[in-house]
Amino acid sequence: MSTIIDLQTKIRKIQTQLATDIDNLASQQELTISYLGKKGLFNQVAQMLRELPNEEKKTAGQLLNQLKEELSAKIATVTISESDNQSWIDLSAPGIQPKVGHMHPISQAMRDITHIFEQIGFTRVRYPEVDWDWYVFESLNMPPDHPARDEWETFFVDAPDTTDKNVAYDASEPRGRHPSLIGGKMVMTTHTSNGQVREMERLNSTPPIRMINIGRCYRRQQDATHTQMFHQFEGLVVDEGINIQHLKGTLDYFAEQFYGPGTKSRIRPFHFQFTEPSFEVDFSCHICGGTGLIDGNRCKFCKSGWHEVGGAGMVHPNVLKAGGIDPEIYTGFAFGWGVERTYTLKEGLNIDDIRLFYSGDLRFLEQF
Ligand code: PHE
């Protein structure tokens, strides 16, 4: 009776033999016959399977499968065919263009968004994607157990509470100056708004602030228009005398730059805990020019002339206070929305399943 060791030895012999044959310029056809043909080396070694003890058959089968794949793959790369016995090479013949990859479409969008905002003095920053509840919710005017938190389908992280209960919290100071006070729960960031108070702290609570924060966000939802991981970008401007017109001007600027001339923005009243007043932001549809109609028929792409993209508003005084900024002196605006959605609208691609972005399917990605 043979053993699996015998089989392995035979397999190794075949592998060495193939390498030698390829070095000696055997043709693809010859190799196919002598290795993979009916009476070829593969079938010969495969016969051994019958002689092996039952408990070794499974592993042996796997080894044989691997061998077969390896032989086919190696033989397929042999380009010198039996008909190709010319001994010269045409050096002037065009070469084979190697495949060149490119940036993922979402990375391209992030690069474009960053560039657009840098033109008007924003600084791109990134903040942690796993962050304290304090930055994601509490400092944004959402105390523990506040119902507004339900809006965000949050993943919580099992991390020990490191809050130092012995340190008295002086409410006039931003908590970020006392890291031992920022304990409690940790979350996977549900929005890039966690960057707001972090940015105020980074700049020592001293405006002007012009931040563009682009990062990954996580929510417990998955369907054709939501992925559990997605990207958002967040703008924050704080200075003396900042008002809604500055917000609207910035949105119009972005709309024109990203979607092309003539694109307009629209803000509608809404509610967020961390902005007051708050708005939802729409951009005019570039297919029907914001009219909702194409040749008298309803525009199929937008239905109403507008696409809703995200949220915005004037920074709530409590948020400024959490970042150590005096709301009596300074005001600010913030906006934030999803990169994926913003991008698909731009291209007029009408991608009906955004999960495709993360499927790793080259047939999809190569189109961008
Ligand atoms: N963070 C909000 C969201 O994820 C969007 C937003 C950002 C709203 C900034 C207002 C200001 O939905």
# chains A, B, ... in the order shown; residues from 1 in each chain; ligands from 1

call {"tool": "residues_around", "arguments": {"residues": "range 108-123 of chain A", "least_positions_apart": "6", "cutoff": "8 Å", "atoms": "only C-alpha atoms", "output": "PDB file with all heavy atoms, in the first residue's frame"}}
result
ATOM      1  N   ARG A 210     -11.653  76.775   9.729  1.00  0.00           N
ATOM      2  CA  ARG A 210     -12.231  76.381   8.432  1.00  0.00           C
ATOM      3  C   ARG A 210     -11.787  74.951   8.153  1.00  0.00           C
ATOM      4  O   ARG A 210     -10.704  74.721   7.638  1.00  0.00           O
ATOM      5  CB  ARG A 210     -11.781  77.324   7.317  1.00  0.00           C
ATOM      6  CG  ARG A 210     -12.819  78.363   6.976  1.00  0.00           C
ATOM      7  CD  ARG A 210     -12.279  79.418   6.068  1.00  0.00           C
ATOM      8  NE  ARG A 210     -11.562  80.424   6.832  1.00  0.00           N
ATOM      9  CZ  ARG A 210     -10.655  81.255   6.318  1.00  0.00           C
ATOM     10  NH1 ARG A 210     -10.335  81.189   5.060  1.00  0.00           N
ATOM     11  NH2 ARG A 210     -10.066  82.155   7.077  1.00  0.00           N
ATOM     12  N   MET A 211     -12.613  74.034   8.558  1.00  0.00           N
ATOM     13  CA  MET A 211     -12.232  72.617   8.525  1.00  0.00           C
ATOM     14  C   MET A 211     -13.028  71.853   7.473  1.00  0.00           C
ATOM     15  O   MET A 211     -14.210  72.081   7.300  1.00  0.00           O
ATOM     16  CB  MET A 211     -12.519  72.007   9.906  1.00  0.00           C
ATOM     17  CG  MET A 211     -12.605  70.496   9.893  1.00  0.00           C
ATOM     18  SD  MET A 211     -13.270  69.796  11.418  1.00  0.00           S
ATOM     19  CE  MET A 211     -14.971  69.497  10.941  1.00  0.00           C
ATOM     20  N   ILE A 212     -12.333  70.945   6.792  1.00  0.00           N
ATOM     21  CA  ILE A 212     -13.056  69.938   6.014  1.00  0.00           C
ATOM     22  C   ILE A 212     -12.542  68.583   6.504  1.00  0.00           C
ATOM     23  O   ILE A 212     -11.370  68.281   6.432  1.00  0.00           O
ATOM     24  CB  ILE A 212     -12.919  70.157   4.480  1.00  0.00           C
ATOM     25  CG1 ILE A 212     -13.871  69.268   3.716  1.00  0.00           C
ATOM     26  CG2 ILE A 212     -11.511  70.013   3.962  1.00  0.00           C
ATOM     27  CD1 ILE A 212     -15.245  69.846   3.609  1.00  0.00           C
ATOM     28  N   ILE A 214     -12.908  64.624   6.241  1.00  0.00           N
ATOM     29  CA  ILE A 214     -13.469  63.519   5.451  1.00  0.00           C
ATOM     30  C   ILE A 214     -13.042  62.213   6.102  1.00  0.00           C
ATOM     31  O   ILE A 214     -11.853  62.034   6.389  1.00  0.00           O
ATOM     32  CB  ILE A 214     -12.972  63.541   3.990  1.00  0.00           C
ATOM     33  CG1 ILE A 214     -13.050  64.964   3.418  1.00  0.00           C
ATOM     34  CG2 ILE A 214     -13.782  62.577   3.135  1.00  0.00           C
ATOM     35  CD1 ILE A 214     -12.703  65.063   1.945  1.00  0.00           C
ATOM     36  N   PHE A 254     -19.749  75.074  -3.702  1.00  0.00           N
ATOM     37  CA  PHE A 254     -19.453  73.648  -3.858  1.00  0.00           C
ATOM     38  C   PHE A 254     -20.281  73.045  -5.002  1.00  0.00           C
ATOM     39  O   PHE A 254     -19.765  72.278  -5.831  1.00  0.00           O
ATOM     40  CB  PHE A 254     -19.721  72.885  -2.555  1.00  0.00           C
ATOM     41  CG  PHE A 254     -19.528  71.407  -2.706  1.00  0.00           C
ATOM     42  CD1 PHE A 254     -18.244  70.861  -2.762  1.00  0.00           C
ATOM     43  CD2 PHE A 254     -20.617  70.547  -2.845  1.00  0.00           C
ATOM     44  CE1 PHE A 254     -18.052  69.499  -2.942  1.00  0.00           C
ATOM     45  CE2 PHE A 254     -20.427  69.179  -3.020  1.00  0.00           C
ATOM     46  CZ  PHE A 254     -19.144  68.662  -3.061  1.00  0.00           C
ATOM     47  N   GLN A 257     -18.814  73.960  -8.332  1.00  0.00           N
ATOM     48  CA  GLN A 257     -17.506  73.365  -8.562  1.00  0.00           C
ATOM     49  C   GLN A 257     -17.603  71.865  -8.790  1.00  0.00           C
ATOM     50  O   GLN A 257     -16.914  71.307  -9.632  1.00  0.00           O
ATOM     51  CB  GLN A 257     -16.588  73.607  -7.357  1.00  0.00           C
ATOM     52  CG  GLN A 257     -16.254  75.049  -7.121  1.00  0.00           C
ATOM     53  CD  GLN A 257     -15.318  75.596  -8.187  1.00  0.00           C
ATOM     54  OE1 GLN A 257     -14.360  74.952  -8.571  1.00  0.00           O
ATOM     55  NE2 GLN A 257     -15.621  76.785  -8.675  1.00  0.00           N
ATOM     56  N   PHE A 258     -18.452  71.218  -8.004  1.00  0.00           N
ATOM     57  CA  PHE A 258     -18.489  69.752  -8.058  1.00  0.00           C
ATOM     58  C   PHE A 258     -19.397  69.253  -9.182  1.00  0.00           C
ATOM     59  O   PHE A 258     -19.067  68.294  -9.867  1.00  0.00           O
ATOM     60  CB  PHE A 258     -18.943  69.193  -6.703  1.00  0.00           C
ATOM     61  CG  PHE A 258     -18.663  67.737  -6.524  1.00  0.00           C
ATOM     62  CD1 PHE A 258     -17.369  67.299  -6.245  1.00  0.00           C
ATOM     63  CD2 PHE A 258     -19.666  66.781  -6.633  1.00  0.00           C
ATOM     64  CE1 PHE A 258     -17.092  65.945  -6.081  1.00  0.00           C
ATOM     65  CE2 PHE A 258     -19.395  65.428  -6.468  1.00  0.00           C
ATOM     66  CZ  PHE A 258     -18.100  65.011  -6.184  1.00  0.00           C
ATOM     67  N   VAL A 339     -20.187  60.942   1.044  1.00  0.00           N
ATOM     68  CA  VAL A 339     -19.387  61.045  -0.176  1.00  0.00           C
ATOM     69  C   VAL A 339     -19.994  60.176  -1.283  1.00  0.00           C
ATOM     70  O   VAL A 339     -20.117  60.607  -2.433  1.00  0.00           O
ATOM     71  CB  VAL A 339     -17.927  60.599   0.091  1.00  0.00           C
ATOM     72  CG1 VAL A 339     -17.111  60.600  -1.199  1.00  0.00           C
ATOM     73  CG2 VAL A 339     -17.278  61.493   1.129  1.00  0.00           C
ATOM     74  N   TYR A 343     -21.288  61.633  -4.809  1.00  0.00           N
ATOM     75  CA  TYR A 343     -20.568  61.233  -6.011  1.00  0.00           C
ATOM     76  C   TYR A 343     -21.491  60.620  -7.060  1.00  0.00           C
ATOM     77  O   TYR A 343     -21.417  60.945  -8.233  1.00  0.00           O
ATOM     78  CB  TYR A 343     -19.473  60.244  -5.628  1.00  0.00           C
ATOM     79  CG  TYR A 343     -18.645  59.824  -6.811  1.00  0.00           C
ATOM     80  CD1 TYR A 343     -17.849  60.742  -7.477  1.00  0.00           C
ATOM     81  CD2 TYR A 343     -18.671  58.516  -7.273  1.00  0.00           C
ATOM     82  CE1 TYR A 343     -17.100  60.366  -8.572  1.00  0.00           C
ATOM     83  CE2 TYR A 343     -17.926  58.131  -8.358  1.00  0.00           C
ATOM     84  CZ  TYR A 343     -17.143  59.059  -9.007  1.00  0.00           C
ATOM     85  OH  TYR A 343     -16.410  58.682 -10.088  1.00  0.00           O
TER      86      TYR A 343
END

call {"tool": "residues_around", "arguments": {"residues": "Gly260 in chain A", "least_positions_apart": "4", "cutoff": "9 Å", "atoms": "only C-alpha atoms", "output": "ChimeraX atom specification"}}
result
/A:255-256,286,346

call {"tool": "write_last_selection", "arguments": {"atoms": "N, CA, C and O atoms", "output": "PDB file, in the first residue's frame"}}
result
ATOM      1  N   ALA A 255     -21.558  73.407  -5.037  1.00  0.00           N
ATOM      2  CA  ALA A 255     -22.449  72.846  -6.064  1.00  0.00           C
ATOM      3  C   ALA A 255     -21.903  73.128  -7.464  1.00  0.00           C
ATOM      4  O   ALA A 255     -21.843  72.236  -8.311  1.00  0.00           O
ATOM      5  N   GLU A 256     -21.486  74.370  -7.694  1.00  0.00           N
ATOM      6  CA  GLU A 256     -20.982  74.739  -9.023  1.00  0.00           C
ATOM      7  C   GLU A 256     -19.674  74.031  -9.339  1.00  0.00           C
ATOM      8  O   GLU A 256     -19.437  73.592 -10.452  1.00  0.00           O
ATOM      9  N   HIS A 286     -28.876  68.213 -12.322  1.00  0.00           N
ATOM     10  CA  HIS A 286     -28.202  68.722 -13.512  1.00  0.00           C
ATOM     11  C   HIS A 286     -28.760  68.118 -14.789  1.00  0.00           C
ATOM     12  O   HIS A 286     -28.438  68.536 -15.886  1.00  0.00           O
ATOM     13  N   LYS A 346     -23.339  63.165  -8.991  1.00  0.00           N
ATOM     14  CA  LYS A 346     -22.514  63.928  -9.930  1.00  0.00           C
ATOM     15  C   LYS A 346     -22.445  63.235 -11.283  1.00  0.00           C
ATOM     16  O   LYS A 346     -22.638  63.822 -12.318  1.00  0.00           O
TER      17      LYS A 346
END

call {"tool": "atom_distance", "arguments": {"atom1": "CA of Lys10 in chain A", "atom2": "CA of Thr79 in chain A"}}
result
26.5 Å

call {"tool": "closest_residue", "arguments": {"among": "A:Phe233, A:Trp306, A:Phe335, A:Trp132", "to": "ligand 1", "atoms": "only C-alpha atoms and all ligand atoms"}}
result
A:Phe335

call {"tool": "residues_near_ligand", "arguments": {"ligand": "ligand 1", "cutoff": "9 Å", "atoms": "only C-alpha atoms and all ligand atoms", "output": "JSON, numbers by chain"}}
result
{"A": [151, 152, 190, 191, 192, 193, 194, 196, 217, 232, 233, 234, 235, 236, 271, 272, 273, 274, 275, 278, 279, 280, 310, 311, 312, 313, 314, 315, 333, 334, 335, 336, 337, 338]}

call {"tool": "select_by_dssp", "arguments": {"residues": "range 250-295 of chain A", "states": "helix (DSSP H, G or I)", "output": "VMD selection string"}}
result
chain A and resid 250 to 259

call {"tool": "closest_residue", "arguments": {"among": "A:Glu276, A:Leu293, A:Phe283, A:Asp21", "to": "Asp252 in chain A", "atoms": "only C-alpha atoms"}}
result
A:Phe283

call {"tool": "select_by_dssp", "arguments": {"residues": "range 209-324 of chain A", "states": "strand (DSSP E or B)", "output": "mmCIF file with N, CA, C and O atoms, in the first residue's frame"}}
result
data_model
loop_
_atom_site.group_PDB
_atom_site.id
_atom_site.type_symbol
_atom_site.label_atom_id
_atom_site.label_comp_id
_atom_site.auth_asym_id
_atom_site.auth_seq_id
_atom_site.Cartn_x
_atom_site.Cartn_y
_atom_site.Cartn_z
ATOM 1 N N ILE A 209 -11.828 79.080 12.269
ATOM 2 C CA ILE A 209 -11.749 77.653 11.968
ATOM 3 C C ILE A 209 -12.371 77.443 10.591
ATOM 4 O O ILE A 209 -13.476 77.941 10.331
ATOM 5 N N ARG A 210 -11.653 76.775 9.729
ATOM 6 C CA ARG A 210 -12.231 76.381 8.432
ATOM 7 C C ARG A 210 -11.787 74.951 8.153
ATOM 8 O O ARG A 210 -10.704 74.721 7.638
ATOM 9 N N MET A 211 -12.613 74.034 8.558
ATOM 10 C CA MET A 211 -12.232 72.617 8.525
ATOM 11 C C MET A 211 -13.028 71.853 7.473
ATOM 12 O O MET A 211 -14.210 72.081 7.300
ATOM 13 N N ILE A 212 -12.333 70.945 6.792
ATOM 14 C CA ILE A 212 -13.056 69.938 6.014
ATOM 15 C C ILE A 212 -12.542 68.583 6.504
ATOM 16 O O ILE A 212 -11.370 68.281 6.432
ATOM 17 N N ASN A 213 -13.454 67.827 7.091
ATOM 18 C CA ASN A 213 -13.086 66.558 7.705
ATOM 19 C C ASN A 213 -13.723 65.442 6.882
ATOM 20 O O ASN A 213 -14.947 65.369 6.792
ATOM 21 N N ILE A 214 -12.908 64.624 6.241
ATOM 22 C CA ILE A 214 -13.469 63.519 5.451
ATOM 23 C C ILE A 214 -13.042 62.213 6.102
ATOM 24 O O ILE A 214 -11.853 62.034 6.389
ATOM 25 N N GLY A 215 -13.986 61.354 6.350
ATOM 26 C CA GLY A 215 -13.603 60.113 7.025
ATOM 27 C C GLY A 215 -14.637 59.025 6.850
ATOM 28 O O GLY A 215 -15.709 59.238 6.272
ATOM 29 N N ARG A 216 -14.299 57.861 7.367
ATOM 30 C CA ARG A 216 -15.218 56.736 7.306
ATOM 31 C C ARG A 216 -16.220 56.822 8.448
ATOM 32 O O ARG A 216 -15.867 57.240 9.540
ATOM 33 N N CYS A 217 -17.423 56.414 8.181
ATOM 34 C CA CYS A 217 -18.459 56.380 9.207
ATOM 35 C C CYS A 217 -19.105 55.000 9.178
ATOM 36 O O CYS A 217 -19.023 54.296 8.176
ATOM 37 N N TYR A 218 -19.744 54.672 10.276
ATOM 38 C CA TYR A 218 -20.304 53.326 10.414
ATOM 39 C C TYR A 218 -21.715 53.400 10.970
ATOM 40 O O TYR A 218 -21.953 54.100 11.953
ATOM 41 N N ASP A 223 -28.417 48.129 3.002
ATOM 42 C CA ASP A 223 -29.348 47.810 1.914
ATOM 43 C C ASP A 223 -28.812 48.485 0.654
ATOM 44 O O ASP A 223 -27.674 48.937 0.642
ATOM 45 N N HIS A 226 -27.529 51.921 1.480
ATOM 46 C CA HIS A 226 -26.696 52.109 2.676
ATOM 47 C C HIS A 226 -25.682 50.976 2.800
ATOM 48 O O HIS A 226 -26.025 49.820 2.613
ATOM 49 N N MET A 229 -20.275 50.640 6.280
ATOM 50 C CA MET A 229 -19.170 51.601 6.279
ATOM 51 C C MET A 229 -19.385 52.512 5.082
ATOM 52 O O MET A 229 -19.670 52.040 3.989
ATOM 53 N N PHE A 230 -19.296 53.792 5.314
ATOM 54 C CA PHE A 230 -19.416 54.739 4.212
ATOM 55 C C PHE A 230 -18.568 55.959 4.562
ATOM 56 O O PHE A 230 -17.910 55.977 5.602
ATOM 57 N N HIS A 231 -18.558 56.941 3.693
ATOM 58 C CA HIS A 231 -17.736 58.131 3.963
ATOM 59 C C HIS A 231 -18.606 59.368 4.061
ATOM 60 O O HIS A 231 -19.609 59.470 3.367
ATOM 61 N N GLN A 232 -18.168 60.276 4.924
ATOM 62 C CA GLN A 232 -18.849 61.569 5.004
ATOM 63 C C GLN A 232 -17.816 62.666 4.901
ATOM 64 O O GLN A 232 -16.647 62.442 5.192
ATOM 65 N N PHE A 233 -18.266 63.840 4.497
ATOM 66 C CA PHE A 233 -17.376 64.995 4.680
ATOM 67 C C PHE A 233 -18.117 66.075 5.424
ATOM 68 O O PHE A 233 -19.318 66.252 5.283
ATOM 69 N N GLU A 234 -17.367 66.748 6.249
ATOM 70 C CA GLU A 234 -17.940 67.666 7.217
ATOM 71 C C GLU A 234 -17.222 68.997 7.092
ATOM 72 O O GLU A 234 -15.990 69.057 7.136
ATOM 73 N N GLY A 235 -17.986 70.043 6.939
ATOM 74 C CA GLY A 235 -17.380 71.370 6.927
ATOM 75 C C GLY A 235 -17.691 72.067 8.237
ATOM 76 O O GLY A 235 -18.774 71.888 8.798
ATOM 77 N N LEU A 236 -16.749 72.839 8.727
ATOM 78 C CA LEU A 236 -16.996 73.636 9.938
ATOM 79 C C LEU A 236 -16.278 74.965 9.772
ATOM 80 O O LEU A 236 -15.083 74.994 9.474
ATOM 81 N N VAL A 237 -17.049 76.038 9.944
ATOM 82 C CA VAL A 237 -16.446 77.375 9.885
ATOM 83 C C VAL A 237 -16.870 78.116 11.147
ATOM 84 O O VAL A 237 -18.060 78.157 11.467
ATOM 85 N N VAL A 238 -15.926 78.642 11.893
ATOM 86 C CA VAL A 238 -16.253 79.435 13.084
ATOM 87 C C VAL A 238 -15.408 80.698 13.047
ATOM 88 O O VAL A 238 -14.199 80.644 12.837
ATOM 89 N N ASP A 239 -16.088 81.820 13.228
ATOM 90 C CA ASP A 239 -15.366 83.103 13.279
ATOM 91 C C ASP A 239 -16.340 84.157 13.795
ATOM 92 O O ASP A 239 -17.520 83.863 14.043
ATOM 93 N N SER A 265 -27.896 75.372 -4.839
ATOM 94 C CA SER A 265 -28.210 74.652 -3.602
ATOM 95 C C SER A 265 -29.488 75.223 -3.012
ATOM 96 O O SER A 265 -29.883 76.356 -3.320
ATOM 97 N N ARG A 266 -30.124 74.420 -2.189
ATOM 98 C CA ARG A 266 -31.353 74.868 -1.535
ATOM 99 C C ARG A 266 -31.315 74.365 -0.114
ATOM 100 O O ARG A 266 -30.898 73.223 0.123
ATOM 101 N N ILE A 267 -31.707 75.192 0.865
ATOM 102 C CA ILE A 267 -31.750 74.703 2.242
ATOM 103 C C ILE A 267 -33.187 74.731 2.749
ATOM 104 O O ILE A 267 -33.939 75.671 2.475
ATOM 105 N N ARG A 268 -33.565 73.663 3.445
ATOM 106 C CA ARG A 268 -34.923 73.545 3.994
ATOM 107 C C ARG A 268 -34.821 73.327 5.495
ATOM 108 O O ARG A 268 -33.912 72.631 5.944
ATOM 109 N N PRO A 269 -35.747 73.900 6.282
ATOM 110 C CA PRO A 269 -35.685 73.771 7.743
ATOM 111 C C PRO A 269 -35.694 72.315 8.178
ATOM 112 O O PRO A 269 -36.401 71.492 7.590
ATOM 113 N N PHE A 270 -34.909 72.008 9.196
ATOM 114 C CA PHE A 270 -34.823 70.639 9.691
ATOM 115 C C PHE A 270 -34.426 70.699 11.156
ATOM 116 O O PHE A 270 -34.401 71.782 11.753
ATOM 117 N N HIS A 271 -34.110 69.562 11.749
ATOM 118 C CA HIS A 271 -33.638 69.591 13.131
ATOM 119 C C HIS A 271 -32.398 68.735 13.330
ATOM 120 O O HIS A 271 -32.371 67.576 12.929
ATOM 121 N N PHE A 272 -31.366 69.318 13.889
ATOM 122 C CA PHE A 272 -30.236 68.567 14.443
ATOM 123 C C PHE A 272 -29.985 69.157 15.821
ATOM 124 O O PHE A 272 -30.189 70.361 16.015
ATOM 125 N N THR A 275 -26.977 71.887 15.656
ATOM 126 C CA THR A 275 -27.049 73.139 14.896
ATOM 127 C C THR A 275 -28.388 73.801 15.193
ATOM 128 O O THR A 275 -29.388 73.140 15.470
ATOM 129 N N GLU A 276 -28.407 75.122 15.133
ATOM 130 C CA GLU A 276 -29.640 75.874 15.364
ATOM 131 C C GLU A 276 -29.515 77.228 14.681
ATOM 132 O O GLU A 276 -28.659 78.008 15.091
ATOM 133 N N PRO A 277 -30.289 77.544 13.652
ATOM 134 C CA PRO A 277 -31.233 76.640 13.010
ATOM 135 C C PRO A 277 -30.520 75.544 12.210
ATOM 136 O O PRO A 277 -29.340 75.659 11.920
ATOM 137 N N SER A 278 -31.299 74.508 11.864
ATOM 138 C CA SER A 278 -30.757 73.383 11.089
ATOM 139 C C SER A 278 -31.462 73.303 9.736
ATOM 140 O O SER A 278 -32.608 73.738 9.607
ATOM 141 N N PHE A 279 -30.758 72.718 8.795
ATOM 142 C CA PHE A 279 -31.338 72.596 7.454
ATOM 143 C C PHE A 279 -31.017 71.249 6.827
ATOM 144 O O PHE A 279 -30.029 70.618 7.195
ATOM 145 N N GLU A 280 -31.866 70.893 5.869
ATOM 146 C CA GLU A 280 -31.471 69.838 4.945
ATOM 147 C C GLU A 280 -31.026 70.534 3.673
ATOM 148 O O GLU A 280 -31.581 71.576 3.301
ATOM 149 N N VAL A 281 -30.042 69.963 3.020
ATOM 150 C CA VAL A 281 -29.458 70.621 1.850
ATOM 151 C C VAL A 281 -29.808 69.835 0.587
ATOM 152 O O VAL A 281 -29.675 68.610 0.552
ATOM 153 N N ASP A 282 -30.277 70.536 -0.420
ATOM 154 C CA ASP A 282 -30.556 69.910 -1.725
ATOM 155 C C ASP A 282 -29.689 70.584 -2.782
ATOM 156 O O ASP A 282 -29.358 71.759 -2.656
ATOM 157 N N PHE A 283 -29.384 69.837 -3.827
ATOM 158 C CA PHE A 283 -28.736 70.441 -4.990
ATOM 159 C C PHE A 283 -29.653 70.277 -6.190
ATOM 160 O O PHE A 283 -30.350 69.259 -6.317
ATOM 161 N N SER A 284 -29.630 71.270 -7.093
ATOM 162 C CA SER A 284 -30.509 71.172 -8.255
ATOM 163 C C SER A 284 -30.023 70.061 -9.170
ATOM 164 O O SER A 284 -28.829 69.788 -9.258
ATOM 165 N N LEU A 293 -38.577 68.748 -15.002
ATOM 166 C CA LEU A 293 -39.233 68.345 -16.252
ATOM 167 C C LEU A 293 -38.225 68.197 -17.383
ATOM 168 O O LEU A 293 -37.270 68.970 -17.480
ATOM 169 N N ILE A 294 -38.445 67.171 -18.215
ATOM 170 C CA ILE A 294 -37.665 67.054 -19.445
ATOM 171 C C ILE A 294 -38.678 66.919 -20.586
ATOM 172 O O ILE A 294 -39.471 65.969 -20.600
ATOM 173 N N ASN A 297 -42.100 66.122 -19.635
ATOM 174 C CA ASN A 297 -42.304 64.938 -18.786
ATOM 175 C C ASN A 297 -41.486 65.068 -17.508
ATOM 176 O O ASN A 297 -40.473 65.754 -17.474
ATOM 177 N N ARG A 298 -41.952 64.363 -16.488
ATOM 178 C CA ARG A 298 -41.248 64.383 -15.230
ATOM 179 C C ARG A 298 -39.824 63.840 -15.369
ATOM 180 O O ARG A 298 -39.635 62.785 -15.978
ATOM 181 N N TRP A 306 -34.772 68.520 -7.588
ATOM 182 C CA TRP A 306 -33.748 68.631 -6.539
ATOM 183 C C TRP A 306 -33.346 67.266 -5.996
ATOM 184 O O TRP A 306 -34.157 66.350 -5.971
ATOM 185 N N HIS A 307 -32.092 67.171 -5.540
ATOM 186 C CA HIS A 307 -31.616 65.968 -4.852
ATOM 187 C C HIS A 307 -31.238 66.334 -3.432
ATOM 188 O O HIS A 307 -30.455 67.276 -3.224
ATOM 189 N N GLU A 308 -31.744 65.585 -2.488
ATOM 190 C CA GLU A 308 -31.348 65.838 -1.103
ATOM 191 C C GLU A 308 -29.983 65.192 -0.861
ATOM 192 O O GLU A 308 -29.757 64.043 -1.231
ATOM 193 N N VAL A 309 -29.069 65.948 -0.265
ATOM 194 C CA VAL A 309 -27.750 65.358 -0.039
ATOM 195 C C VAL A 309 -27.353 65.252 1.428
ATOM 196 O O VAL A 309 -26.677 64.304 1.813
ATOM 197 N N GLY A 310 -27.727 66.211 2.260
ATOM 198 C CA GLY A 310 -27.261 66.104 3.650
ATOM 199 C C GLY A 310 -27.781 67.189 4.547
ATOM 200 O O GLY A 310 -28.796 67.829 4.252
ATOM 201 N N GLY A 311 -27.079 67.388 5.659
ATOM 202 C CA GLY A 311 -27.535 68.321 6.674
ATOM 203 C C GLY A 311 -26.569 69.474 6.870
ATOM 204 O O GLY A 311 -25.406 69.399 6.498
ATOM 205 N N ALA A 312 -27.090 70.542 7.469
ATOM 206 C CA ALA A 312 -26.258 71.721 7.727
ATOM 207 C C ALA A 312 -26.942 72.590 8.773
ATOM 208 O O ALA A 312 -28.084 72.309 9.176
ATOM 209 N N GLY A 313 -26.264 73.613 9.200
ATOM 210 C CA GLY A 313 -26.888 74.550 10.125
ATOM 211 C C GLY A 313 -25.863 75.435 10.791
ATOM 212 O O GLY A 313 -24.661 75.341 10.529
ATOM 213 N N MET A 314 -26.369 76.333 11.661
ATOM 214 C CA MET A 314 -25.481 77.209 12.425
ATOM 215 C C MET A 314 -25.105 76.472 13.706
ATOM 216 O O MET A 314 -25.975 75.952 14.411
ATOM 217 N N VAL A 315 -23.823 76.437 13.999
ATOM 218 C CA VAL A 315 -23.324 75.655 15.135
ATOM 219 C C VAL A 315 -24.042 76.071 16.430
ATOM 220 O O VAL A 315 -24.136 77.266 16.743
#

call {"tool": "atom_distance", "arguments": {"atom1": "CA of Met48 in chain A", "atom2": "CA of Glu69 in chain A"}}
result
18.1 Å

call {"tool": "closest_residue", "arguments": {"among": "A:Gly289, A:Gly184, A:Pro98, A:Gly61", "to": "Gln8 in chain A", "atoms": "only C-alpha atoms"}}
result
A:Gly61

call {"tool": "residues_around", "arguments": {"residues": "Leu7 in chain A", "least_positions_apart": "4", "cutoff": "10 Å", "atoms": "only C-alpha atoms", "output": "ChimeraX atom specification"}}
result
/A:2-3,11-13,45-46,48-49,52,60,63-64
